[in-house]
Each structure stands twice: as C-alpha cells, then as structure tokens.
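K.L.:
Next comes the structure file query.cif, holding mmCIF, C-alpha atoms.
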```cif
data_target
#
loop_
_atom_site.label_atom_id
_atom_site.label_comp_id
_atom_site.auth_asym_id
_atom_site.auth_seq_id
_atom_site.Cartn_x
_atom_site.Cartn_y
_atom_site.Cartn_z
CA MET A 183 133.23 44.32 129.03
CA GLU A 184 134.31 47.85 128.24
CA SER A 185 132.98 51.23 127.18
CA ILE A 186 135.33 53.76 125.63
CA LEU A 187 135.86 56.89 127.71
CA PHE A 188 138.56 58.59 125.62
CA SER A 189 139.29 57.77 122.01
CA GLU A 190 142.70 57.42 120.45
CA GLN A 191 142.21 60.80 118.73
CA GLU A 192 141.17 62.58 121.94
CA ILE A 193 144.26 61.25 123.69
CA ARG A 194 146.47 62.25 120.76
CA ASN A 195 145.08 65.81 120.76
CA LYS A 196 145.59 66.34 124.51
CA THR A 197 149.06 64.79 124.41
CA SER A 198 150.05 67.09 121.53
CA GLU A 199 148.82 70.16 123.45
CA THR A 200 150.80 69.06 126.49
CA GLY A 201 153.94 68.45 124.42
CA ASN A 202 153.65 71.97 122.99
CA TYR A 203 153.29 73.41 126.50
CA ILE A 204 156.40 71.54 127.71
CA SER A 205 158.38 72.63 124.63
CA ARG A 206 157.57 76.29 125.30
CA LYS A 207 158.08 76.18 129.08
CA TYR A 208 161.38 74.27 129.07
CA LYS A 209 163.01 75.66 125.94
CA ASP A 210 166.79 75.92 126.48
CA LYS A 211 166.55 74.18 129.86
CA PRO A 212 167.89 70.73 130.82
CA LEU A 213 164.81 68.51 130.91
CA LEU A 214 164.31 64.98 132.23
CA ILE A 215 160.99 63.22 131.76
CA VAL A 216 160.51 60.38 134.25
CA GLY A 217 158.04 57.65 133.43
CA ILE A 218 156.56 55.51 136.15
CA LEU A 219 156.46 51.94 134.88
CA LYS A 220 154.63 50.04 133.75
CA GLY A 221 151.49 52.06 133.17
CA SER A 222 153.00 55.28 131.85
CA PHE A 223 155.13 53.85 129.05
CA VAL A 224 152.57 54.37 126.25
CA PHE A 225 151.72 57.91 127.40
CA LEU A 226 155.41 58.73 127.92
CA ALA A 227 156.34 57.53 124.43
CA ASP A 228 153.66 59.67 122.79
CA LEU A 229 154.38 62.63 125.06
CA ILE A 230 158.10 62.80 124.28
CA ARG A 231 157.33 62.55 120.55
CA ALA A 232 155.11 65.62 121.01
CA ILE A 233 157.98 67.58 122.60
CA ASP A 234 160.18 69.37 120.08
CA ILE A 235 163.06 70.37 122.37
CA PRO A 236 165.89 68.17 123.65
CA CYS A 237 164.92 66.04 126.64
CA GLU A 238 166.20 62.99 128.42
CA VAL A 239 164.06 60.10 129.61
CA GLY A 240 164.33 58.04 132.76
CA PHE A 241 162.22 55.33 134.32
CA MET A 242 161.18 54.32 137.78
CA CYS A 243 158.99 51.41 138.71
CA ALA A 244 156.73 51.79 141.72
CA GLU A 245 154.16 49.16 142.51
CA SER A 246 151.13 49.33 144.76
CA TYR A 247 148.36 47.41 142.98
CA GLU A 248 147.18 43.83 142.90
CA GLY A 249 144.30 43.36 140.47
CA THR A 250 141.95 46.33 140.84
CA GLU A 251 142.92 47.22 144.42
CA SER A 252 145.70 49.35 145.85
CA THR A 253 147.64 47.48 148.51
CA GLY A 254 148.48 50.73 150.31
CA GLU A 255 152.18 49.85 150.25
CA VAL A 256 154.48 51.45 147.67
CA ARG A 257 157.61 49.59 146.60
CA ILE A 258 160.26 51.17 144.36
CA THR A 259 161.47 48.28 142.22
CA LEU A 260 163.45 50.31 139.65
CA ASP A 261 165.13 53.63 140.38
CA LEU A 262 166.77 56.36 138.30
CA LYS A 263 170.50 56.08 137.85
CA GLN A 264 171.28 59.70 136.98
CA ASP A 265 171.84 62.67 139.27
CA ILE A 266 168.75 64.83 138.73
CA SER A 267 170.05 67.96 140.50
CA GLN A 268 170.90 69.62 137.17
CA TYR A 269 167.53 68.92 135.53
CA HIS A 270 164.03 70.23 135.44
CA VAL A 271 162.12 67.01 136.09
CA ILE A 272 158.67 66.10 134.87
CA ILE A 273 157.02 62.99 136.22
CA ALA A 274 154.82 61.52 133.48
CA GLU A 275 152.18 59.39 135.20
CA ASP A 276 149.40 57.31 133.70
CA ILE A 277 146.81 57.77 136.46
CA ILE A 278 146.58 59.37 139.88
CA ASP A 279 144.15 57.37 141.98
CA THR A 280 144.82 57.30 145.73
CA GLY A 281 148.01 59.27 145.06
CA ARG A 282 150.12 57.06 147.37
CA THR A 283 152.44 55.81 144.63
CA LEU A 284 152.96 59.21 143.07
CA LYS A 285 153.50 60.89 146.46
CA ALA A 286 156.18 58.33 147.33
CA VAL A 287 157.95 58.85 144.00
CA ALA A 288 157.65 62.66 144.14
CA ASP A 289 159.04 62.75 147.68
CA ILE A 290 162.03 60.63 146.64
CA LEU A 291 162.73 62.89 143.66
CA LYS A 292 162.34 66.11 145.67
CA GLU A 293 165.02 64.86 148.10
CA ARG A 294 167.40 64.69 145.13
CA ASN A 295 167.07 68.47 144.55
CA PRO A 296 165.99 68.81 140.90
CA LEU A 297 165.93 72.34 139.50
CA SER A 298 162.14 71.95 139.43
CA LEU A 299 159.62 69.14 139.65
CA GLU A 300 156.35 69.03 137.76
CA ILE A 301 153.75 66.26 137.55
CA ILE A 302 151.80 65.55 134.39
CA THR A 303 149.21 62.80 134.44
CA LEU A 304 147.14 61.29 131.69
CA LEU A 305 144.24 60.55 134.04
CA ASP A 306 143.23 62.03 137.38
CA LYS A 307 140.72 60.36 139.70
CA PRO A 308 140.40 62.96 142.51
CA SER A 309 137.47 61.25 144.24
CA ARG A 310 139.82 58.45 145.38
CA ARG A 311 142.69 60.66 146.58
CA ILE A 312 144.17 59.73 149.94
CA ALA A 313 147.66 61.24 149.66
CA ASP A 314 148.15 64.99 149.60
CA ILE A 315 149.32 65.36 146.00
CA ASP A 316 147.97 66.82 142.78
CA ALA A 317 149.20 67.00 139.22
CA ASP A 318 150.33 70.24 137.68
CA ILE A 319 148.59 69.08 134.50
CA SER A 320 145.89 66.43 134.13
CA LEU A 321 144.92 65.57 130.58
CA PHE A 322 141.63 63.99 131.66
CA THR A 323 139.70 63.80 134.94
CA ILE A 324 137.60 60.71 135.52
CA PRO A 325 135.09 59.51 138.12
CA ASP A 326 135.71 56.45 140.28
CA LEU A 327 135.88 53.87 137.48
CA PHE A 328 138.41 51.12 136.82
CA VAL A 329 139.96 51.92 133.45
CA VAL A 330 142.21 50.06 131.03
CA GLY A 331 143.97 50.75 127.76
CA TYR A 332 146.70 53.06 126.57
CA GLY A 333 149.15 51.49 129.01
CA LEU A 334 146.72 50.90 131.88
CA ASP A 335 146.06 47.28 132.71
CA TYR A 336 144.02 44.76 134.61
CA ASN A 337 146.38 41.96 135.71
CA GLU A 338 148.74 42.88 132.82
CA ASN A 339 146.00 42.73 130.16
CA PHE A 340 144.51 45.50 127.99
CA ARG A 341 147.60 47.79 127.99
CA ASN A 342 147.68 47.58 124.19
CA LEU A 343 144.25 49.15 123.59
CA PRO A 344 144.71 52.45 121.71
CA TYR A 345 141.97 54.12 123.78
CA ILE A 346 140.93 54.30 127.42
CA ALA A 347 137.91 52.26 128.44
CA GLU A 348 136.02 51.38 131.58
CA LEU A 349 136.47 47.77 132.62
CA ARG A 350 133.24 46.29 133.96
#
```
The structure in this file should be written as structure tokens.

P.N.:
Amino acid sequence: MESILFSEQEIRNKTSETGNYISRKYKDKPLLIVGILKGSFVFLADLIRAIDIPCEVGFMCAESYEGTESTGEVRITLDLKQDISQYHVIIAEDIIDTGRTLKAVADILKERNPLSLEIITLLDKPSRRIADIDADISLFTIPDLFVVGYGLDYNENFRNLPYIAELR
C-alpha cells in the first residue's frame, strides 16, 4: 500500500534546518507563520518548535481536493482574523501540487500588505504545477506521486503517519 519516501528523521532534520534559517532571518522582526489547514498542521507544529525567536501562528483553511484529484476550485473556509500589515508572514504549506490553492491564498495575503511574504513548503511537486507560484523554500521535491503521512491524507486517512509515503 505504501513505500516510504522520507523518514521521520529526514523530515526532522530538514525542519530543524528551516527553523534555524527562519530564526536567523527574522530575528527581532514581527513574525506570523500561517498554516494552511488541514494538511500543514503537523509540519507547522514541528516548524514552530524549531524556531527559537518569538512568532505568532495563524490558520487558514483552503480546500480544493476530493480524494486524489484537485477540483480546480479553491474555497477559503477559514480565514485569518488578525491584521497582517505589521508582520513578516510565512505561509507554511504541506505540499505544492498544481499550485492553485497556494496561489489563491498568497494573493489574498498579498492584498493585505504584510511587511513581507515568504512561502515554505514541506513538499514540492513541480511537474504538476499549473498556477504561476513557487516556494521560497522547499524541504523536499517529489515526482508526480500521491503521498500521505505527516499531515497529508487520502480521504482524511494516514495523516498520523510519522513519515511521508507513496500511496499506491
């Protein structure tokens, strides 16, 4: 059913490196990390624990998938409540596939005039990109596979796996 692509330790190491980078870059700056629910919550939790400077956390929920297929329509079902114009904002995303969801979220946040906007994704699948958007940091790049674990799901299952695996 599954083959492991990235182990728990590999994910931990890359997340720690990324947390160190964020801590250095945003030291003494107002920082807001925005997680895109539901998929990013595991990555976001580990990422903020790897950051050793003050930061705030916010959540948005944007949906565009049914099963293994993108519907092509992005719906924002949960939005940020705070004014982000006084923050450096980092979107913490689980996976960039077609890019439609992330592009919609990034465009919404840019309109709110953050001090800066950066995108950090756990997984990048550039071969499937439709929208014109890229991450500033991608922890892992993957081919066109359907993956689960570490927050990523198939019909709400497999999010609890501590690694990332291909679902066959």

K.L.:
Could you give me, as a ChimeraX atom specification, the residues within 9 Å of Phe225 in chain A, counting all atoms listed in the file and dropping anything in the same chain fewer than 5 positions from it?

P.N.:
/A:193,197,217,230,274-276,303-304,332-333

K.L.:
Which of these residues is nearest to Glu300 in chain A, using all atoms listed in the file: A:Lys196, A:Ile346, A:Phe340, A:Ser320?

P.N.:
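Selected residue with least distance to Glu300 in chain A: A:Ser320.
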
K.L.:
Got a sec: who's within 8 Å of Leu229 in chain A, counting all atoms listed in the file, leaving out chain neighbours fewer than 5 positions off, as an MDAnalysis selection string?

P.N.:
chainID A and resid 197:198 200:201

K.L.:
I need the residue set behind the PyMOL selection byres ((chain A and resi 294) around 12) for this file; please write it as a PyMOL selection string.

P.N.:
chain A and resi 262-271+287-293+295-299

K.L.:
Suppose you want the space between CA of Arg194 in chain A and CA of Leu219 in chain A; what is it in Å?

P.N.:
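Computed distance, CA of Arg194 in chain A to CA of Leu219 in chain A, equals 20.1 Å.
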
K.L.:
For CA of Asp318 in chain A and CA of Ile272 in chain A, determine how far apart the two atoms are, in Å to one decimal place.

P.N.:
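One can read the CA of Asp318 in chain A to CA of Ile272 in chain A distance as 9.7 Å.
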
K.L.:
Of the residues A:Leu260, A:Val329, A:Ile324, A:Ala244, which is the one nearest to Lys285 in chain A, using all atoms listed in the file?

P.N.:
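Going through A:Leu260, A:Val329, A:Ile324, A:Ala244 one by one, the smallest distance to Lys285 in chain A is for A:Ala244.
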
K.L.:
Compare A:Ala317, A:Leu305, A:Ile312, A:Ile278 by their minimum atom-to-atom distance to Leu187 in chain A, counting all atoms listed in the file, and give me the closest one.

P.N.:
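Closest to Leu187 in chain A, using all atoms listed in the file: A:Leu305.
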
K.L.:
Can you tell me, as a PyMOL selection string, what residues are no more than 6 Å from Leu214 in chain A when counting all atoms listed in the file, ignoring any on the same chain fewer than 2 positions away?

P.N.:
chain A and resi 237-239+271

K.L.:
Using CA of Asn337 in chain A and CA of Ala227 in chain A as the two end points, give the distance in Å to one decimal.

P.N.:
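Distance between the two atoms: 21.7 Å.
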
K.L.:
With distances taken over only C-alpha atoms, which residue among A:Ser222, A:Ser309, A:Gln191, A:Thr323 lies nearest Ile273 in chain A?

P.N.:
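Among the listed residues, A:Ser222 lies closest to Ile273 in chain A.
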
K.L.:
Can you pull out the residues contacting Glu245 in chain A? Cut-off 7 Å, using all atoms listed in the file, and skip same-chain residues under 6 positions away; I want them as an MDAnalysis selection string.

P.N.:
chainID A and resid 256:258

K.L.:
List the residues matched by the PyMOL selection byres ((chain A and resi 339) around 12) in the displayed structure as a list in words, ordered by chain and then by residue number.

P.N.:
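Selected by the PyMOL selection byres ((chain A and resi 339) around 12) here: Lys220, Gly221, Gly249, Thr250, Val329, Val330, Gly331, Tyr332, Gly333, Leu334, Asp335, Tyr336, Asn337, Glu338, Phe340, Arg341, Asn342, Leu343 and Leu349 of chain A.
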
K.L.:
Please provide the set of residues having any atom within 10 Å of Arg311 in chain A, restricted to only C-alpha atoms, with same-chain residues fewer than 6 positions apart removed, written as a ChimeraX atom specification.

P.N.:
/A:278-282

K.L.:
Tell me which residues the PyMOL selection byres ((chain A and resi 234) around 10) grabs here, as a VMD selection string.

P.N.:
chain A and resid 201 to 202 204 to 206 209 230 to 233 235 to 237
